[in-house]
Amino acid sequence: MNKTRKMVFLSFLISIALVIYIIEAQIPVLFPGIKLGLANTISLAALILIGWKEALLIMFLRTLLGSMFGGTMSTFMFSIAGGILSNIVMILLYKYFKNSMSLWTISICGAIFHNIGQLLVASIVIQDFRIYIYLPVLLISAIITGYFIGWCVKFLTNNLYKIPMFKELKNK
Amino acid sequence: MKKGDKIAAILILILIITSFAGVFIYRSHVKGSHKIAIIKQDGKILNTIDLTKVTTKKQITVKYNKSHYNVIEIETGKIRIKDADCPDKICVKTGWISEPGQSIICLPHELIIKIEGNNSKYDDISS
C-alpha cells in the first residue's frame, strides 16, 4: 500500500469520525461534560486495526477540525487534553495488556482518562480545583459510555478484520 | 473476564469510591449558616455577597473580554446566572443555587460563582 493510498484512507477515517462528532454535538447536554464520545470508536478501531501512530493522528485531527466546525477555542483545549490523555492510556493498555484485558476495559479506561484530562484543563482555567466535584458523576458516565463504545469497536473490528485492505495497512 | 480486567475493575472501583468520599468530605467540611456567594473570574475574586443579607432583587452584569457578558441575578438566599452570551449557556441552564458547596460555572467566560459558608443542613451531589 503506497503512501498516498494510505493517506487518502486515513483522511476518510478522519472525516467519518468528524461527521460522527458533529452529529453527536447536536444532542443536548445532560450535564456539563457528559458526551457519548462515539467518534472515539474510529480512534480505537484504528488503534487495533492499523497502528498507534495512526490512531493518535486521527484523534488529533478530528479534534482540531471538529472544534473548528462546532466549537470554540476553549472546547478545543478541553477535547485535546482529554483526547490525548485518553488515547495515550489506551495505546499503552493495548500494547502491554492486549491479551490480559478485554476491549471493553480499555475503552472504559480511555473514557475515564478523557474525563480526568478535561477536568484537569478546566480546573486550571478556572484556577479552582473544586470542579473535581463533578468527578464522581463523570466517572459513572465514563464507565457506561466506555462500555458502549467498547461494544461498537468490537463489532467494527470483528467485521473489518476480514477486509484485505486493513491487512495491507497493518503490514505497511 | 480476564485477569487484567479484574485488576482494572478493582482500580476503577477504588477510584470511584475515593472520588465520592472526597466529594462527601468536602461537602460536610463546608458548612454554613451565613451563605456567602463568591464571584470569581479568571481566578480573581470580583464580588463577595452575603446572600442572607440581600433584601431586594439585584442584578450584576459581568463582562468578559469587553464583548461577552454574564448577567447575574441575586435574591435573598439565592443566586443565578440569568443570561449570558456563551455558546452553550450551561451556566444559565444551571439555574438558582442557594446551598454552600454549590456552584455555577461558565467555562468559556472563565467565570465561577460558588457559595461558601458554615453549617449546611442539606447535602446534594449535583447542582
# chains A, B, ... in the order shown; residues from 1 in each chain; ligands from 1
>>> interface_residues(of="chain A", to="chain B", cutoff="9 Å", atoms="only C-alpha atoms", output="PyMOL selection string")
chain A and resi 29+31-32+71-75+97+99-102+104-106+109+112+122+125-128+131-137+139-140
>>> residues_around(residues="range 142-145 of chain A", least_positions_apart="4", cutoff="7 Å", atoms="only C-alpha atoms", output="JSON, numbers by chain")
{"A": [36, 108, 111, 112, 138, 149]}
>>> residues_around(residues="Arg80 in chain B", least_positions_apart="2", cutoff="8 Å", atoms="only C-alpha atoms", output="PDB file with C-alpha atoms, in the first residue's frame")
ATOM      1  CA  ILE B  72     -26.104  37.571  37.443  1.00  0.00           C
ATOM      2  CA  GLU B  73     -29.317  37.836  39.433  1.00  0.00           C
ATOM      3  CA  ILE B  74     -29.304  37.866  43.225  1.00  0.00           C
ATOM      4  CA  LYS B  78     -30.018  32.504  46.195  1.00  0.00           C
ATOM      5  CA  LYS B  82     -29.862  34.903  34.294  1.00  0.00           C
ATOM      6  CA  VAL B  92     -27.900  29.816  32.538  1.00  0.00           C
ATOM      7  CA  THR B  94     -27.894  25.580  35.884  1.00  0.00           C
ATOM      8  CA  GLY B  95     -30.438  27.933  37.410  1.00  0.00           C
ATOM      9  CA  TRP B  96     -30.556  29.018  41.036  1.00  0.00           C
ATOM     10  CA  ILE B  97     -28.063  27.885  43.627  1.00  0.00           C
ATOM     11  CA  ILE B 104     -22.294  27.790  38.727  1.00  0.00           C
TER      12      ILE B 104
END
>>> closest_residue(among="A:Gly37, A:Gly83, A:Arg130, A:Asn2", to="Phe148 in chain A", atoms="only C-alpha atoms")
A:Gly37
>>> atom_distance(atom1="CA of Ser141 in chain A", atom2="CA of Ala39 in chain A")
16.1 Å
>>> residues_around(residues="Ser67 in chain B", least_positions_apart="3", cutoff="10 Å", atoms="only C-alpha atoms", output="JSON, numbers by chain")
{"B": [63, 64, 85]}
>>> write_last_selection(atoms="C-alpha atoms", output="CSV table (one decimal), in the first residue's frame")
chain,number,residue,atom,x,y,z
B,63,LYS,CA,-18.1,41.5,31.2
B,64,TYR,CA,-15.6,39.1,29.7
B,85,ASP,CA,-23.8,35.1,25.5
>>> residues_around(residues="range 13-23 of chain A", least_positions_apart="4", cutoff="9 Å", atoms="only C-alpha atoms", output="PyMOL selection string")
chain A and resi 8-9+27+37-43+46+57-59+61-63+65-66+69-70
>>> select_by_dssp(residues="range 9-166 of chain A", states="helix (DSSP H, G or I)", output="MDAnalysis selection string")
chainID A and resid 9:25 40:49 52:70 73:97 103:126 129:160 164:166
>>> atom_distance(atom1="CA of Phe60 in chain A", atom2="CA of Tyr94 in chain A")
18.7 Å
>>> select_by_dssp(residues="range 70-117 of chain B", states="strand (DSSP E)", output="CSV table (one decimal) with C-alpha atoms, in the first residue's frame")
chain,number,residue,atom,x,y,z
B,70,ASN,CA,-23.0,37.2,32.0
B,71,VAL,CA,-26.0,38.7,33.8
B,72,ILE,CA,-26.1,37.6,37.4
B,73,GLU,CA,-29.3,37.8,39.4
B,74,ILE,CA,-29.3,37.9,43.2
B,75,GLU,CA,-32.2,37.4,45.6
B,78,LYS,CA,-30.0,32.5,46.2
B,79,ILE,CA,-28.1,33.5,43.1
B,80,ARG,CA,-28.1,32.5,39.4
B,81,ILE,CA,-26.8,33.5,36.0
B,82,LYS,CA,-29.9,34.9,34.3
B,83,ASP,CA,-28.4,35.4,30.9
B,84,ALA,CA,-25.1,35.0,29.0
B,103,SER,CA,-21.5,26.5,42.2
B,104,ILE,CA,-22.3,27.8,38.7
B,105,ILE,CA,-19.6,27.7,36.2
B,106,CYS,CA,-19.3,29.5,32.8
B,111,LEU,CA,-16.5,32.7,35.5
B,112,ILE,CA,-17.4,30.7,38.6
B,113,ILE,CA,-19.9,31.6,41.3
B,114,LYS,CA,-19.7,29.5,44.4
B,115,ILE,CA,-21.4,29.6,47.8
B,116,GLU,CA,-19.2,29.2,50.9
>>> residues_around(residues="His114 in chain A", least_positions_apart="2", cutoff="7 Å", atoms="only C-alpha atoms", output="PyMOL selection string")
chain A and resi 82-83+85-86+110-112+116-118
>>> atom_distance(atom1="CA of Ala81 in chain A", atom2="CA of Leu120 in chain A")
8.2 Å
>>> decode(residues="range 13-83 of chain B", atoms="C-alpha atoms", output="short mmCIF file (atom, residue, chain, number, x, y, z; two decimals), in the first residue's frame")
data_model
loop_
_atom_site.label_atom_id
_atom_site.label_comp_id
_atom_site.auth_asym_id
_atom_site.auth_seq_id
_atom_site.Cartn_x
_atom_site.Cartn_y
_atom_site.Cartn_z
CA LEU B 13 -13.85 0.86 41.83
CA ILE B 14 -11.27 2.33 44.19
CA LEU B 15 -11.18 5.49 42.07
CA ILE B 16 -14.94 5.85 42.22
CA ILE B 17 -15.10 5.30 45.96
CA THR B 18 -12.27 7.77 46.55
CA SER B 19 -13.89 10.43 44.42
CA PHE B 20 -17.27 10.01 46.11
CA ALA B 21 -15.62 10.04 49.52
CA GLY B 22 -13.64 13.14 48.59
CA VAL B 23 -16.74 14.99 47.50
CA PHE B 24 -18.60 13.88 50.62
CA ILE B 25 -15.82 15.05 52.92
CA TYR B 26 -15.64 18.35 51.10
CA ARG B 27 -19.37 18.88 51.44
CA SER B 28 -19.52 18.17 55.15
CA HIS B 29 -16.47 20.36 55.66
CA VAL B 30 -18.13 23.35 54.07
CA LYS B 31 -20.92 24.16 56.45
CA GLY B 32 -22.82 27.42 56.55
CA SER B 33 -25.46 29.48 58.26
CA HIS B 34 -24.33 32.62 56.51
CA LYS B 35 -24.37 31.91 52.80
CA ILE B 36 -21.64 33.86 51.12
CA ALA B 37 -21.52 33.87 47.33
CA ILE B 38 -18.16 34.47 45.72
CA ILE B 39 -17.95 35.53 42.09
CA LYS B 40 -14.58 34.73 40.56
CA GLN B 41 -13.39 35.42 37.05
CA ASP B 42 -10.08 34.31 35.62
CA GLY B 43 -9.00 33.41 39.15
CA LYS B 44 -9.67 36.89 40.56
CA ILE B 45 -12.46 37.50 43.03
CA LEU B 46 -14.81 40.12 41.61
CA ASN B 47 -17.52 40.15 44.26
CA THR B 48 -18.34 38.68 47.65
CA ILE B 49 -22.02 38.78 48.54
CA ASP B 50 -23.69 37.66 51.75
CA LEU B 51 -26.85 36.13 50.34
CA THR B 52 -28.64 36.08 53.68
CA LYS B 53 -28.33 39.84 53.93
CA VAL B 54 -29.81 40.56 50.49
CA THR B 55 -33.11 42.44 50.81
CA THR B 56 -34.09 43.36 47.28
CA LYS B 57 -33.57 41.70 43.92
CA LYS B 58 -30.25 42.77 42.40
CA GLN B 59 -28.67 42.31 39.00
CA ILE B 60 -25.00 42.47 38.10
CA THR B 61 -23.54 42.31 34.61
CA VAL B 62 -20.06 40.81 34.39
CA LYS B 63 -18.08 41.48 31.24
CA TYR B 64 -15.58 39.12 29.69
CA ASN B 65 -13.02 40.40 27.17
CA LYS B 66 -15.04 43.56 26.54
CA SER B 67 -17.62 41.95 24.29
CA HIS B 68 -19.01 38.96 26.22
CA TYR B 69 -21.25 39.13 29.24
CA ASN B 70 -22.96 37.22 32.04
CA VAL B 71 -25.97 38.69 33.82
CA ILE B 72 -26.10 37.57 37.44
CA GLU B 73 -29.32 37.84 39.43
CA ILE B 74 -29.30 37.87 43.22
CA GLU B 75 -32.22 37.40 45.60
CA THR B 76 -32.34 36.66 49.30
CA GLY B 77 -30.55 33.40 49.85
CA LYS B 78 -30.02 32.50 46.20
CA ILE B 79 -28.11 33.49 43.11
CA ARG B 80 -28.13 32.52 39.45
CA ILE B 81 -26.84 33.47 36.04
CA LYS B 82 -29.86 34.90 34.29
CA ASP B 83 -28.38 35.41 30.86
#
